Amino acid sequence: MKQNIIDIAYLISAIMFIYGLKRLQSPATARKGNQLAALGMFVAIVATLFIQEIVTPVQMIIGVVIGAGVGAVLARRVEMTGMPELVAAFNGFGGIASALVAGAEIAKVLSEFRHDPSLVSHLGGVDAVTISLSILIGMVTFTGSFVAFGKLSGKVSGNPISFPGMRVFTVLFMAGAIASIVWMVLHMGDFGAAGLWLNPMVEAGIAIGFAGAVLGILLVIPIGGADMPVVVALLNSYSGLAAAATGFVLNNTALIVSGALVGASGLILTNIMCEAMNRSLFNVLIGGFGGDSGGGPSGATSTEGLTVNSTTSDDVAILLSYANKVIFVPGYGMAVAQAQHAVRELAEELAKKDVEVKFAVHPVAGRMPGHMNVLLAEANVPYDQLFEMDEINGEFETTDVAVVIGANDVVNPAARHDKSSPIYGMPILNVDHAATSIVLKRSMRPGYAGIDNELFYNSNNQMLFGDAKDSISAVTNEVKAL
Amino acid sequence: MLTNLIVFILASIIGSEVISKVPATLHTPLMSGSNAVSGITIVGALVVAGMVGDKWAMYIGMGAVIVATINVVGGFLVTDRMLQMFKKKA
């Protein structure tokens, strides 16, 4: 009876998760959706804590209080620019939690066996596989996420790291993980040795955990900073799969359903990110593309002998004020320069002058899927002014001025026609189709992909050099004065 | 086992249907929110750690409870913080 009540509670939480995620389909209902999902989680936890026969409720509640405290502090303190790191870290915590639960399950099985040897008969190879996978995926997610965290927060170099024989190393550890799983399957229910540490199940569990930890690191270190959004999305998917695997271990529907939802979500986002960069997932995982720093030509003239038009804030102000339609194209450089608020102020001033203002957001603008939208929302840009690439790309033809702030590769027309370009085939924002384009840039340094941008040399393009925030503020003041 | 697999596959299909309609604007909150949902592992941690009375299962499980709660509470709070910033044009 009790078990039925708990199962019904889990079903209710699963339904709340699904409807919560469904409400994320519109910004208007999204906040309610998140709260609904949180409520679902509350139902699941309360049902487990109070209806299940928990032998050590005090310790469990202490654990929850500590975790809640740490989580709340992290969530409050994080800057919106630091969101990718935080999500990566949370993924990692989710991963290690799954691995630990599977580990605790092994300890539980052993303990039950000590009390009553006849209980072991219900364990089989399937249990061994699910426990193994839960540990393996959990540990890969854990270490992979924390390497991603290090790269995103700048604590580890964003450059791809690889060493001779790395592939062989990876294959060896994969083989080791598989061998350990087989070992676990063969020795499931083999409790010959008395102590906890001499038990083959424990040894196999530790070996799988270790192999997973190494594989997680090897998975993420060869991947460059520019590809981190894909990796974070993929690890998000893994954290879901880890939870689902734990659900298989415990025969717990709530875990399986939630894990499947998150796994699907991460996979969809991974796919979207890959498409936005025109790269296959395999190609991203092989790594080596895009680092922290790119040297390259500087100054107003490129090595090709083409020249760029340089402009001033006064001219830009005039151009913008008398335009009918202006599209802003923000990139991560805008966030680095902390220019979001200045840009929003400029957009408001232009709107007062009856200029139609829109924002075009490329899927890979920012450091994680949808990051740029959050940064603009934080700066109070209304979400109905934000447009996705496919929605807005046709509108550049009828746009008077397109203003590119801290974006580079996502507006490089070479992606459309230059087959030799590393970004060839990547969908871009058609900024070059606007009557005039203005690019705000600190210098002529190339973007993440380390390549020169054709757009800068177009005759209808003008460069406004300098710090994005200062430049935008100067333009805004001029616009106000006009 | 088979029942678990059926549940997993059906939930994956529902998940794909629901999530593929989430606009790009909300992809970051989607990630942090779904991440919080994956913290459901906390339920597993409570079950394993709290029900047996074995000290090893308790210690390991309590570790799992702590990290899973960080994931759950942090994930939902930060998602809420982001979503409250999304406003329509006044």
# chains A, B, ... in the order shown; residues from 1 in each chain; ligands from 1
>>> select_by_dssp(residues="stretch 366-423 of chain A", states="alpha helix (DSSP H)", output="ChimeraX atom specification")
/A:371-378,389-392,414-417
>>> write_last_selection(atoms="N, CA and C atoms", output="short mmCIF file (atom, residue, chain, number, x, y, z; two decimals), in the first residue's frame")
data_model
loop_
_atom_site.label_atom_id
_atom_site.label_comp_id
_atom_site.auth_asym_id
_atom_site.auth_seq_id
_atom_site.Cartn_x
_atom_site.Cartn_y
_atom_site.Cartn_z
N HIS A 371 22.43 31.48 -24.61
CA HIS A 371 23.12 32.35 -23.63
C HIS A 371 22.90 33.83 -23.92
N MET A 372 23.01 34.20 -25.22
CA MET A 372 22.89 35.61 -25.59
C MET A 372 21.52 36.17 -25.21
N ASN A 373 20.48 35.36 -25.36
CA ASN A 373 19.13 35.81 -25.01
C ASN A 373 19.03 36.14 -23.53
N VAL A 374 19.69 35.33 -22.71
CA VAL A 374 19.67 35.58 -21.26
C VAL A 374 20.40 36.88 -20.95
N LEU A 375 21.54 37.07 -21.62
CA LEU A 375 22.32 38.29 -21.37
C LEU A 375 21.53 39.53 -21.77
N LEU A 376 20.81 39.43 -22.90
CA LEU A 376 20.02 40.58 -23.33
C LEU A 376 18.80 40.78 -22.43
N ALA A 377 18.20 39.67 -21.99
CA ALA A 377 17.06 39.79 -21.09
C ALA A 377 17.48 40.45 -19.79
N GLU A 378 18.70 40.10 -19.34
CA GLU A 378 19.20 40.71 -18.11
C GLU A 378 19.34 42.23 -18.28
N MET A 389 17.88 33.18 -35.97
CA MET A 389 18.50 33.34 -37.29
C MET A 389 17.52 33.11 -38.44
N ASP A 390 16.78 32.00 -38.39
CA ASP A 390 15.89 31.67 -39.50
C ASP A 390 14.75 32.67 -39.64
N GLU A 391 14.32 33.23 -38.50
CA GLU A 391 13.22 34.18 -38.54
C GLU A 391 13.64 35.49 -39.20
N ILE A 392 14.88 35.89 -38.96
CA ILE A 392 15.26 37.26 -39.32
C ILE A 392 16.13 37.34 -40.56
N ALA A 414 32.06 34.45 -46.00
CA ALA A 414 32.89 33.37 -46.55
C ALA A 414 32.25 32.01 -46.27
N ALA A 415 31.48 31.93 -45.20
CA ALA A 415 30.83 30.66 -44.84
C ALA A 415 29.87 30.21 -45.94
N ARG A 416 29.39 31.19 -46.75
CA ARG A 416 28.43 30.84 -47.80
C ARG A 416 29.10 30.34 -49.08
N HIS A 417 30.26 30.91 -49.42
CA HIS A 417 30.81 30.60 -50.75
C HIS A 417 32.25 30.09 -50.76
#
>>> residues_around(residues="stretch 2-9 of chain B", least_positions_apart="3", cutoff="10 Å", atoms="only C-alpha atoms", output="list in words")
Leu241, Ala244, Ala245, Gly247, Phe248, Val249, Asn251, Asn252, Thr253, Ala254, Leu255, Ile256, Val257, Ser258, Gly259, Ala260 and Leu261 of chain A; Ser12, Ile13, Ile14 and Gly15 of chain B
>>> write_last_selection(atoms="C-alpha atoms", output="PDB file, in the first residue's frame")
ATOM      1  CA  LEU A 241      21.166   9.300 -18.968  1.00  0.00           C
ATOM      2  CA  ALA A 244      17.921   7.153 -15.964  1.00  0.00           C
ATOM      3  CA  ALA A 245      20.546   4.422 -15.480  1.00  0.00           C
ATOM      4  CA  GLY A 247      16.464   4.532 -12.185  1.00  0.00           C
ATOM      5  CA  PHE A 248      17.057   1.167 -13.855  1.00  0.00           C
ATOM      6  CA  VAL A 249      19.246   0.126 -10.913  1.00  0.00           C
ATOM      7  CA  ASN A 251      13.528   0.174 -10.509  1.00  0.00           C
ATOM      8  CA  ASN A 252      12.406   3.729  -9.910  1.00  0.00           C
ATOM      9  CA  THR A 253      10.016   5.209 -12.500  1.00  0.00           C
ATOM     10  CA  ALA A 254      10.539   8.817 -11.389  1.00  0.00           C
ATOM     11  CA  LEU A 255      14.247   8.559 -12.132  1.00  0.00           C
ATOM     12  CA  ILE A 256      13.758   6.805 -15.455  1.00  0.00           C
ATOM     13  CA  VAL A 257      11.195   9.322 -16.740  1.00  0.00           C
ATOM     14  CA  SER A 258      13.122  12.421 -15.611  1.00  0.00           C
ATOM     15  CA  GLY A 259      16.393  11.000 -16.848  1.00  0.00           C
ATOM     16  CA  ALA A 260      14.866  10.277 -20.257  1.00  0.00           C
ATOM     17  CA  LEU A 261      13.446  13.820 -20.473  1.00  0.00           C
TER      18      LEU A 261
ATOM     19  CA  SER B  12      12.280   9.902 -24.341  1.00  0.00           C
ATOM     20  CA  ILE B  13       9.703  10.312 -27.101  1.00  0.00           C
ATOM     21  CA  ILE B  14       7.555  12.660 -25.012  1.00  0.00           C
ATOM     22  CA  GLY B  15      10.696  14.566 -24.041  1.00  0.00           C
TER      23      GLY B  15
END
>>> residues_around(residues="A:Ile423", least_positions_apart="3", cutoff="9 Å", atoms="only C-alpha atoms", output="number ranges by chain")
A: 277-278, 409, 412, 414-416, 418-420, 426, 449, 451
>>> residues_around(residues="stretch 60-62 of chain B", least_positions_apart="3", cutoff="9 Å", atoms="only C-alpha atoms", output="JSON, numbers by chain")
{"A": [59, 60, 62, 63, 64, 97, 100, 101, 102, 103, 104, 105, 107], "B": [44, 45, 46, 47, 48, 49, 50, 55, 56, 57, 65, 66, 67]}
>>> atom_distance(atom1="atom CA of A:Met188", atom2="atom CA of A:Gly176")
18.0 Å
>>> select_by_dssp(residues="stretch 312-427 of chain A", states="strand (DSSP E)", output="list of chain:residue names")
A:Lys325, A:Val326, A:Ile327, A:Phe328, A:Val329, A:Pro330, A:Glu356, A:Val357, A:Lys358, A:Phe359, A:Ala360, A:Val361, A:Leu386, A:Phe387, A:Glu388, A:Val401, A:Ala402, A:Val403, A:Val404, A:Ile405
>>> write_last_selection(atoms="N, CA and C atoms", output="PDB file, in the first residue's frame")
ATOM      1  N   LYS A 325      14.916  51.003 -40.315  1.00  0.00           N
ATOM      2  CA  LYS A 325      14.995  49.725 -39.644  1.00  0.00           C
ATOM      3  C   LYS A 325      16.453  49.382 -39.320  1.00  0.00           C
ATOM      4  N   VAL A 326      16.681  49.039 -38.052  1.00  0.00           N
ATOM      5  CA  VAL A 326      18.031  48.708 -37.597  1.00  0.00           C
ATOM      6  C   VAL A 326      18.007  47.330 -36.940  1.00  0.00           C
ATOM      7  N   ILE A 327      18.966  46.486 -37.315  1.00  0.00           N
ATOM      8  CA  ILE A 327      19.088  45.189 -36.641  1.00  0.00           C
ATOM      9  C   ILE A 327      20.424  45.131 -35.911  1.00  0.00           C
ATOM     10  N   PHE A 328      20.366  44.848 -34.631  1.00  0.00           N
ATOM     11  CA  PHE A 328      21.591  44.646 -33.854  1.00  0.00           C
ATOM     12  C   PHE A 328      21.963  43.170 -33.880  1.00  0.00           C
ATOM     13  N   VAL A 329      23.230  42.905 -34.101  1.00  0.00           N
ATOM     14  CA  VAL A 329      23.713  41.524 -34.084  1.00  0.00           C
ATOM     15  C   VAL A 329      24.743  41.382 -32.957  1.00  0.00           C
ATOM     16  N   PRO A 330      24.306  40.938 -31.783  1.00  0.00           N
ATOM     17  CA  PRO A 330      25.233  40.849 -30.664  1.00  0.00           C
ATOM     18  C   PRO A 330      25.987  39.521 -30.654  1.00  0.00           C
ATOM     19  N   GLU A 356      12.619  51.195 -36.367  1.00  0.00           N
ATOM     20  CA  GLU A 356      12.254  49.828 -36.003  1.00  0.00           C
ATOM     21  C   GLU A 356      13.532  49.075 -35.594  1.00  0.00           C
ATOM     22  N   VAL A 357      13.556  48.590 -34.349  1.00  0.00           N
ATOM     23  CA  VAL A 357      14.771  47.940 -33.849  1.00  0.00           C
ATOM     24  C   VAL A 357      14.527  46.460 -33.579  1.00  0.00           C
ATOM     25  N   LYS A 358      15.420  45.615 -34.084  1.00  0.00           N
ATOM     26  CA  LYS A 358      15.344  44.191 -33.790  1.00  0.00           C
ATOM     27  C   LYS A 358      16.719  43.663 -33.407  1.00  0.00           C
ATOM     28  N   PHE A 359      16.735  42.543 -32.726  1.00  0.00           N
ATOM     29  CA  PHE A 359      18.000  41.896 -32.392  1.00  0.00           C
ATOM     30  C   PHE A 359      18.045  40.534 -33.078  1.00  0.00           C
ATOM     31  N   ALA A 360      19.146  40.260 -33.763  1.00  0.00           N
ATOM     32  CA  ALA A 360      19.296  38.967 -34.434  1.00  0.00           C
ATOM     33  C   ALA A 360      20.285  38.126 -33.631  1.00  0.00           C
ATOM     34  N   VAL A 361      19.811  36.986 -33.136  1.00  0.00           N
ATOM     35  CA  VAL A 361      20.661  36.157 -32.285  1.00  0.00           C
ATOM     36  C   VAL A 361      21.007  34.852 -32.992  1.00  0.00           C
ATOM     37  N   LEU A 386      13.814  39.974 -29.766  1.00  0.00           N
ATOM     38  CA  LEU A 386      14.877  39.014 -30.075  1.00  0.00           C
ATOM     39  C   LEU A 386      14.399  38.036 -31.145  1.00  0.00           C
ATOM     40  N   PHE A 387      15.209  37.854 -32.191  1.00  0.00           N
ATOM     41  CA  PHE A 387      14.804  36.964 -33.276  1.00  0.00           C
ATOM     42  C   PHE A 387      15.872  35.919 -33.563  1.00  0.00           C
ATOM     43  N   GLU A 388      15.408  34.717 -33.851  1.00  0.00           N
ATOM     44  CA  GLU A 388      16.329  33.648 -34.204  1.00  0.00           C
ATOM     45  C   GLU A 388      16.793  33.834 -35.648  1.00  0.00           C
ATOM     46  N   VAL A 401      20.388  49.597 -41.544  1.00  0.00           N
ATOM     47  CA  VAL A 401      21.676  49.444 -40.877  1.00  0.00           C
ATOM     48  C   VAL A 401      21.679  48.186 -40.005  1.00  0.00           C
ATOM     49  N   ALA A 402      22.701  47.358 -40.199  1.00  0.00           N
ATOM     50  CA  ALA A 402      22.906  46.216 -39.314  1.00  0.00           C
ATOM     51  C   ALA A 402      24.135  46.516 -38.462  1.00  0.00           C
ATOM     52  N   VAL A 403      23.965  46.462 -37.143  1.00  0.00           N
ATOM     53  CA  VAL A 403      25.072  46.806 -36.252  1.00  0.00           C
ATOM     54  C   VAL A 403      25.588  45.535 -35.580  1.00  0.00           C
ATOM     55  N   VAL A 404      26.821  45.166 -35.881  1.00  0.00           N
ATOM     56  CA  VAL A 404      27.424  43.953 -35.346  1.00  0.00           C
ATOM     57  C   VAL A 404      28.292  44.321 -34.153  1.00  0.00           C
ATOM     58  N   ILE A 405      27.935  43.784 -32.983  1.00  0.00           N
ATOM     59  CA  ILE A 405      28.670  44.136 -31.771  1.00  0.00           C
ATOM     60  C   ILE A 405      29.327  42.895 -31.188  1.00  0.00           C
TER      61      ILE A 405
END
>>> residues_around(residues="A:Thr436", least_positions_apart="4", cutoff="9 Å", atoms="only C-alpha atoms", output="list of chain:residue names")
A:Thr399, A:Asp400, A:Val401, A:Ala402, A:Val403, A:Val431, A:Asp432, A:Ser459, A:Asn460, A:Asn461, A:Gln462
>>> write_last_selection(atoms="N, CA and C atoms", output="PDB file, in the first residue's frame")
ATOM      1  N   THR A 399      16.764  46.026 -44.490  1.00  0.00           N
ATOM      2  CA  THR A 399      17.281  46.716 -43.311  1.00  0.00           C
ATOM      3  C   THR A 399      18.254  47.806 -43.735  1.00  0.00           C
ATOM      4  N   ASP A 400      18.113  48.970 -43.097  1.00  0.00           N
ATOM      5  CA  ASP A 400      19.007  50.072 -43.471  1.00  0.00           C
ATOM      6  C   ASP A 400      20.385  49.880 -42.845  1.00  0.00           C
ATOM      7  N   VAL A 401      20.388  49.597 -41.544  1.00  0.00           N
ATOM      8  CA  VAL A 401      21.676  49.444 -40.877  1.00  0.00           C
ATOM      9  C   VAL A 401      21.679  48.186 -40.005  1.00  0.00           C
ATOM     10  N   ALA A 402      22.701  47.358 -40.199  1.00  0.00           N
ATOM     11  CA  ALA A 402      22.906  46.216 -39.314  1.00  0.00           C
ATOM     12  C   ALA A 402      24.135  46.516 -38.462  1.00  0.00           C
ATOM     13  N   VAL A 403      23.965  46.462 -37.143  1.00  0.00           N
ATOM     14  CA  VAL A 403      25.072  46.806 -36.252  1.00  0.00           C
ATOM     15  C   VAL A 403      25.588  45.535 -35.580  1.00  0.00           C
ATOM     16  N   VAL A 431      24.213  39.652 -42.591  1.00  0.00           N
ATOM     17  CA  VAL A 431      24.453  41.065 -42.317  1.00  0.00           C
ATOM     18  C   VAL A 431      24.878  41.814 -43.577  1.00  0.00           C
ATOM     19  N   ASP A 432      25.583  41.129 -44.453  1.00  0.00           N
ATOM     20  CA  ASP A 432      26.071  41.779 -45.682  1.00  0.00           C
ATOM     21  C   ASP A 432      24.945  42.145 -46.648  1.00  0.00           C
ATOM     22  N   SER A 459      32.366  47.230 -49.353  1.00  0.00           N
ATOM     23  CA  SER A 459      32.336  48.685 -49.520  1.00  0.00           C
ATOM     24  C   SER A 459      31.221  49.323 -48.696  1.00  0.00           C
ATOM     25  N   ASN A 460      30.147  48.550 -48.398  1.00  0.00           N
ATOM     26  CA  ASN A 460      29.066  49.142 -47.599  1.00  0.00           C
ATOM     27  C   ASN A 460      29.206  48.807 -46.110  1.00  0.00           C
ATOM     28  N   ASN A 461      30.402  48.368 -45.731  1.00  0.00           N
ATOM     29  CA  ASN A 461      30.638  48.088 -44.310  1.00  0.00           C
ATOM     30  C   ASN A 461      31.527  49.165 -43.714  1.00  0.00           C
ATOM     31  N   GLN A 462      31.235  49.528 -42.469  1.00  0.00           N
ATOM     32  CA  GLN A 462      32.073  50.497 -41.775  1.00  0.00           C
ATOM     33  C   GLN A 462      32.479  49.931 -40.430  1.00  0.00           C
TER      34      GLN A 462
END
>>> residues_around(residues="A:Val147", least_positions_apart="6", cutoff="9 Å", atoms="only C-alpha atoms", output="VMD selection string")
chain A and resid 88 156 216 to 217 220 to 221
>>> closest_residue(among="A:Ala233, A:Ala342, A:Ala211, A:Val202", to="chain B", atoms="only C-alpha atoms")
A:Ala233
>>> closest_residue(among="B:Asn71, B:Thr28, B:Gln84, B:Thr79", to="B:Ile40", atoms="only C-alpha atoms")
B:Asn71
>>> atom_distance(atom1="atom CA of A:Leu86", atom2="atom CA of A:Arg445")
28.9 Å
>>> closest_residue(among="A:Ala213, A:Ala226, A:Met16, A:Val355", to="chain B", atoms="only C-alpha atoms")
A:Met16
>>> atom_distance(atom1="atom CA of A:Leu24", atom2="atom CA of B:Ser16")
13.3 Å
